[in-house]
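Engineer: This is the structure I have questions about; it appears just below.
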Amino acid sequence: AQSVTQPDIHITVSEGASLELRCNYSYGATPYLFWYVQSPGQGLQLLLKYFSGDTLVQGIKGFEAEFKRSQSSFNLRKPSVHWSDAAEYFCAVGGRNNNNDMRFGAGTRLTVKP
Amino acid sequence: ETGVTQTPRHLVMGMTNKKSLKCEQHLGHNAMYWYKQSAKKPLELMFVYNFKEQTENNSVPSRFSPECPNSSHLFLHLHTLQPEDSALYLCASSQETDPYNEQFFGPGTRLTVL
């Protein structure tokens, strides 16, 4: 069965510092991987996705993620965090092998210090 | 604005009440989804509709009853709920159910069951 683990429930970084949010997945075939962001009172918005090809994926708002098959990881990074990046971040895995379902992680809450 | 609207945004109901959640998408998509988001837990997929036909019911209790009259509208009818059903209920839509298609989320309905 597919699953996603986000080891960090809450992360605090200073504005301007770099950021890395961890995501580990379990999937029996080639996974489709996603990162979503949820601001307070909002639904989820897609930041980026990986299906195939280049393992370093660029997304919106200056985010990127790297797919590492050997580590079953898809970590999200940003070189310099802005106060507006404070939100909840969700990693998800899906694929055609499982009724097209996506499985989400429990999320990582990001706090940005001034 | 993602093109997916949900009403009401907040709902408080007693265990014996009957209420309905509404979702509308203005994106011309063919697939619609209901998710349950509880604190500190991964997003849970509840129902999937593709071209108005229910294609998935993830073992959801019968006190939750979905309805999809057309590809633009999705309802979740609620009756005799339990306090543990209190959560944020998110609606999403995508062009097709294939995970290659991005899902667009509404802002959610915050449900409290007393």
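As shown in the structure tokens, the chain order sets the letters A, B, ...; within each chain, residues go from 1, and ligands are also counted from 1 in the order they appear.
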For chain A, which residues have at least one atom within 10 Å of chain B, if we go by only C-alpha atoms? Write them as an MDAnalysis selection string, please.

Structural biologist: chainID A and resid 3:6 9 32:34 38:46 48:51 90:96 99:108

Engineer: I need the residues in chain A that are strand (DSSP E) according to DSSP; give them as a ChimeraX atom specification.

Structural biologist: /A:3-5,10-14,19-21,24-26,32-38,44-50,56-58,64-68,73-78,87-94,102-104,108-113

Engineer: May I have the residues within 7 Å of B:Cys23 as a list in words, using only C-alpha atoms and disregarding those fewer than 4 positions away in the same chain?

Structural biologist: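 Here the qualifying residues turn out to be Thr5, Gln6, Thr7, His73, Leu74, Phe75 and Cys91 of chain B.
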
Engineer: When you draw a straight line from atom CA of A:Gly28 to atom CA of A:Gln71, how long is it in Å?

Structural biologist: 14.0 Å

Engineer: Please list as a compact mmCIF listing (two decimals) with N, CA, C and O atoms, in the first residue's frame every residue within 6 Å of stretch 74-89 of chain A, counting only C-alpha atoms and excluding residues in the same chain fewer than 2 positions away.

Structural biologist:
# COMPACT_ATOMS: atom_id res chain seq x y z
N GLU A 15 13.27 34.35 8.73
CA GLU A 15 13.10 34.90 7.38
C GLU A 15 14.45 35.07 6.72
O GLU A 15 15.40 35.56 7.35
N GLY A 16 14.56 34.63 5.47
CA GLY A 16 15.81 34.70 4.74
C GLY A 16 16.65 33.45 4.83
O GLY A 16 17.58 33.25 4.03
N ALA A 17 16.34 32.59 5.78
CA ALA A 17 17.08 31.34 5.92
C ALA A 17 16.60 30.33 4.89
O ALA A 17 15.52 30.47 4.31
N SER A 18 17.40 29.29 4.70
CA SER A 18 17.00 28.23 3.77
C SER A 18 16.06 27.26 4.48
O SER A 18 16.01 27.19 5.71
N LEU A 19 15.35 26.50 3.65
CA LEU A 19 14.32 25.60 4.18
C LEU A 19 14.40 24.25 3.49
O LEU A 19 14.62 24.19 2.27
N GLU A 20 14.25 23.19 4.25
CA GLU A 20 14.08 21.87 3.66
C GLU A 20 13.02 21.12 4.47
O GLU A 20 13.15 20.95 5.68
N LEU A 21 11.99 20.69 3.79
CA LEU A 21 10.93 19.89 4.40
C LEU A 21 11.05 18.47 3.87
O LEU A 21 11.11 18.25 2.66
N ARG A 22 11.02 17.52 4.79
CA ARG A 22 11.27 16.13 4.42
C ARG A 22 9.99 15.37 4.08
O ARG A 22 8.95 15.60 4.70
N CYS A 23 10.13 14.48 3.13
CA CYS A 23 9.02 13.62 2.73
C CYS A 23 9.58 12.28 2.33
O CYS A 23 10.46 12.20 1.47
N TYR A 36 1.93 20.15 -1.78
CA TYR A 36 0.86 21.14 -1.71
C TYR A 36 1.13 22.05 -0.51
O TYR A 36 1.73 21.65 0.48
N VAL A 37 0.61 23.28 -0.60
CA VAL A 37 0.68 24.22 0.51
C VAL A 37 -0.73 24.66 0.88
O VAL A 37 -1.59 24.81 0.01
N GLN A 38 -0.96 24.81 2.18
CA GLN A 38 -2.27 25.25 2.67
C GLN A 38 -2.07 26.43 3.62
O GLN A 38 -1.52 26.27 4.71
N SER A 39 -2.51 27.60 3.19
CA SER A 39 -2.48 28.77 4.06
C SER A 39 -3.72 28.74 4.95
O SER A 39 -4.72 28.12 4.60
N PHE A 63 9.99 27.44 -4.88
CA PHE A 63 10.24 26.13 -4.30
C PHE A 63 10.78 25.14 -5.33
O PHE A 63 10.49 25.25 -6.52
N GLU A 64 11.54 24.17 -4.84
CA GLU A 64 11.99 23.07 -5.66
C GLU A 64 11.98 21.79 -4.82
O GLU A 64 11.93 21.85 -3.58
N ALA A 65 11.97 20.66 -5.47
CA ALA A 65 12.01 19.38 -4.77
C ALA A 65 12.86 18.41 -5.57
O ALA A 65 12.92 18.49 -6.80
N GLU A 66 13.48 17.49 -4.87
CA GLU A 66 14.34 16.51 -5.52
C GLU A 66 13.86 15.11 -5.22
O GLU A 66 13.69 14.73 -4.05
N PHE A 67 13.63 14.34 -6.26
CA PHE A 67 13.22 12.94 -6.14
C PHE A 67 14.48 12.08 -6.03
O PHE A 67 15.34 12.12 -6.91
N GLY A 107 1.39 16.38 7.09
CA GLY A 107 1.68 17.80 6.98
C GLY A 107 2.81 18.27 7.89
O GLY A 107 3.08 17.67 8.93
N THR A 108 3.46 19.35 7.47
CA THR A 108 4.48 20.04 8.28
C THR A 108 4.08 21.50 8.36
O THR A 108 3.90 22.15 7.32
N ARG A 109 3.93 21.97 9.57
CA ARG A 109 3.58 23.39 9.75
C ARG A 109 4.86 24.21 9.79
O ARG A 109 5.77 23.92 10.57
N LEU A 110 4.95 25.22 8.96
CA LEU A 110 6.12 26.10 8.89
C LEU A 110 5.80 27.43 9.54
O LEU A 110 4.83 28.10 9.16
N THR A 111 6.61 27.81 10.52
CA THR A 111 6.55 29.14 11.13
C THR A 111 7.79 29.90 10.69
O THR A 111 8.90 29.36 10.71
N VAL A 112 7.61 31.16 10.33
CA VAL A 112 8.72 32.00 9.89
C VAL A 112 8.92 33.12 10.90
O VAL A 112 8.00 33.91 11.14

Engineer: Please, what distance in Å, to one decimal, runs between atom CA of B:Lys19 and atom CA of B:Phe51?

Structural biologist: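 Those two atoms sit 24.7 Å apart.
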
Engineer: Restricting the calculation to only C-alpha atoms, which member of B:Met15, B:Glu53, B:Trp34, B:Pro8 is positioned closest to B:His79?

Structural biologist: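 Of B:Met15, B:Glu53, B:Trp34, B:Pro8, the one nearest B:His79, counting only C-alpha atoms, is B:Met15.
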
Engineer: I need the helix (DSSP H, G or I) residues of chain A per DSSP on the backbone, written as a list in words.

Structural biologist: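 Selection result, helix (DSSP H, G or I) within chain A: Ile60, Lys61, Gly62, Arg69, Ser70, Gln71, Trp83, Ser84 and Asp85 of chain A.
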
Engineer: Would you please work out which residue, of A:Thr55, A:Gln2, A:Lys68, A:Val13, is nearest to A:Tyr25 when using only C-alpha atoms?

Structural biologist: A:Gln2

Engineer: Would you mind reading off the distance between atom CA of B:Tyr49 and atom CA of B:Cys68, one decimal, in Å?

Structural biologist: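 These atoms are spaced 7.3 Å apart.
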